[in-house]
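Following: one structure in structure tokens, then a few remarks.
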Amino acid sequence: MIHNTSFGFCTRVQNPLTKRPSTNSSSETGPLTSGRHALVQALFVLIFSASCSTVPPQDNAPPPSTPRVAETSNPPYDQKQLAIARLMEQAHQAMDDQLLTEPEDQSALFFYRAILQIDPNHQGAREGIHQIVERYLTWALEAIDDLAFTKASLWLERAALADPKAPAIFTVAERLALKRSLSRRTIVLPEWVTSTTDLPNHDSATQRAVNSFFQDIAISIREQGATIVIYSRSDEEGRWIYQSVNQYMPQRLRATLELDRPTRIDLIFSTPPSTSE
């Protein structure tokens with residue numbers, strides 16, 4: 001091997017500086033020749049010292065191993081959390097936009113349920129669905145107080161869609177049923193009444209008949225302590241009906257306006273109406 005020969009050679013080379021030159025050689029060469037000879041010897045020693053001090057590589061030594069860094073991240077887990085974070089952001093935006101259950105694939109309920117498919121125990125998604133139910137029930141109670149039973153039923157259906165097992169839904173449904181059980185009288189407005197919405201307010205036979213029609217309704221409301229729901233073909237018509245009745249009331253009339261046909265007024269009584277009506 002080359003390395004063994006080199007090392008063997010280095011062990012056989014004697015350091016020229018360890019042998020002092022004899023007096024005879026010095027006198028024969030003279031000072032100039034002796035100085036040059038010493039310089040050559042010094043360079044020779046430096047060259048071989050450097051080569052002999054270098055440790056030759058070992059032929060059978062394995063290559064240096066690269067230390068492996070312990071894996072501290074979990075890519076699937078990170079992707080899962082990233083997906084949940086994005087869905088939560090979309091759900092919050094849908095809540096702000098009042099898109100609670102519709103449209104189906106862009107609603108807050110859709111995004112919360114998508115989160116629960118990834119993590120069935122995700123508390124944020126569960127709380128979000130609870131908030132959807134609470135918001136619908138709040139709207140349902142307001143509609144019940146306004147005697148807007150159709151709207152109240154709609155909000156209850158939406159709440160049950162989000163969480164059919166929510167106990168509060170049954171409580172609000174019972175309240176709606178109780179309100180619906182109140183006595184109701186429906187007065188359909190005849191065409192000769194609704195056709196006068198744009199007539200000038202002057203003392204004419206038609207106007208007097210229309211005024212008498214609404215005055216009778218106001219009397220029934222006062223006597224029975226009723227509240228009313230006005231169903232009209234347009235908002236403008238509904239406001240006209242309300243004003244026509246309200247002008248005969250001692251205090252501002254409480255009423256709910258809804259768009260529907262035919263044009264009519266529902267009187268809701270807390271006690272059965274008198275038989276004289």
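Simple scheme: letters A, B, ... for chains in structure tokens order, numbers from 1 for residues in each chain, numbers from 1 for ligands in the order shown.
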- Which residues, written as number ranges by chain, have at least one atom at most 8 Å from Ala108 (chain A), with only C-alpha atoms counted and residues fewer than 5 positions away on the same chain left out? A: 90-95, 99-101
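Taking CA of Ala162 (chain A) as the reference point, CA of Glu142 (chain A) is found at 19.3 Å.
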- Task: Give me every strand (DSSP E or B) residue in region 140-271 of chain A, going by DSSP on the backbone, as a PyMOL selection string.
- Result: chain A and resi 183-188+227-232+255-259+264-269
- Query: Which residues, written as an MDAnalysis selection string, have at least one atom at most 9 Å from Arg113 (chain A), with only C-alpha atoms counted and residues fewer than 6 positions away on the same chain left out?
  - Reply: chainID A and resid 120 125:126 129
Selection to disk with N, CA and C atoms, as a CSV table (one decimal), in the first residue's frame:
chain,number,residue,atom,x,y,z
A,120,PRO,N,-65.1,15.1,15.3
A,120,PRO,CA,-66.4,15.0,15.9
A,120,PRO,C,-66.6,15.6,17.3
A,125,ALA,N,-67.2,24.0,16.7
A,125,ALA,CA,-68.3,23.7,15.8
A,125,ALA,C,-69.6,23.4,16.5
A,126,ARG,N,-69.5,22.7,17.6
A,126,ARG,CA,-70.7,22.4,18.4
A,126,ARG,C,-71.3,23.7,19.0
A,129,ILE,N,-73.2,25.6,16.1
A,129,ILE,CA,-74.6,25.0,15.8
A,129,ILE,C,-75.5,25.4,16.9
- Task: Within 7 Å of Leu156 (chain A), counting only C-alpha atoms, which residues show up once you throw out same-chain ones fewer than 5 positions away? Write them as a PyMOL selection string, please.
- Result: chain A and resi 136-137+140+169
Restricting it to C-alpha atoms, dump the selection as a short mmCIF file (atom, residue, chain, number, x, y, z; two decimals), in the first residue's frame.
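Final output, saved to part.cif:
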data_model
loop_
_atom_site.label_atom_id
_atom_site.label_comp_id
_atom_site.auth_asym_id
_atom_site.auth_seq_id
_atom_site.Cartn_x
_atom_site.Cartn_y
_atom_site.Cartn_z
CA TYR A 136 -83.66 31.03 15.19
CA LEU A 137 -85.50 30.59 18.47
CA ALA A 140 -89.43 32.65 16.53
CA ILE A 169 -87.17 24.05 20.46
#
- Extract, using only C-alpha atoms, all DNA, RNA and protein residues at most 12 Å from Lys165 (chain A), discarding same-chain residues fewer than 6 positions from it, and format them as a ChimeraX atom specification. /A:129-130,133,159,171
- May I ask for the distance between CA of Gln247 (chain A) and CA of Asp146 (chain A), given in Å to one decimal place? 20.3 Å
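For the atom pair formed by CA of Glu258 (chain A) and CA of Phe213 (chain A), the distance is 20.8 Å, given to one decimal.
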List every residue of region 92-199 of chain A that has an atom at most 10 Å from any atom of region 231-236 of chain A, and for each one report the closest atom pair and its distance in Å to one decimal, counting only C-alpha atoms, with rows sorted by chain and then by increasing residue number, as CSV.
residue,atom,partner,partner_atom,distance
A:Val188,CA,A:Tyr231,CA,9.3
A:Leu189,CA,A:Ser232,CA,9.6
A:Thr194,CA,A:Ser232,CA,9.7
A:Thr197,CA,A:Glu236,CA,9.2
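Compared by their closest atoms to Ala114 (chain A), and using only C-alpha atoms, the residues A:Lys80, A:Ser181, A:Leu147, A:Glu102 rank with A:Lys80 nearest.
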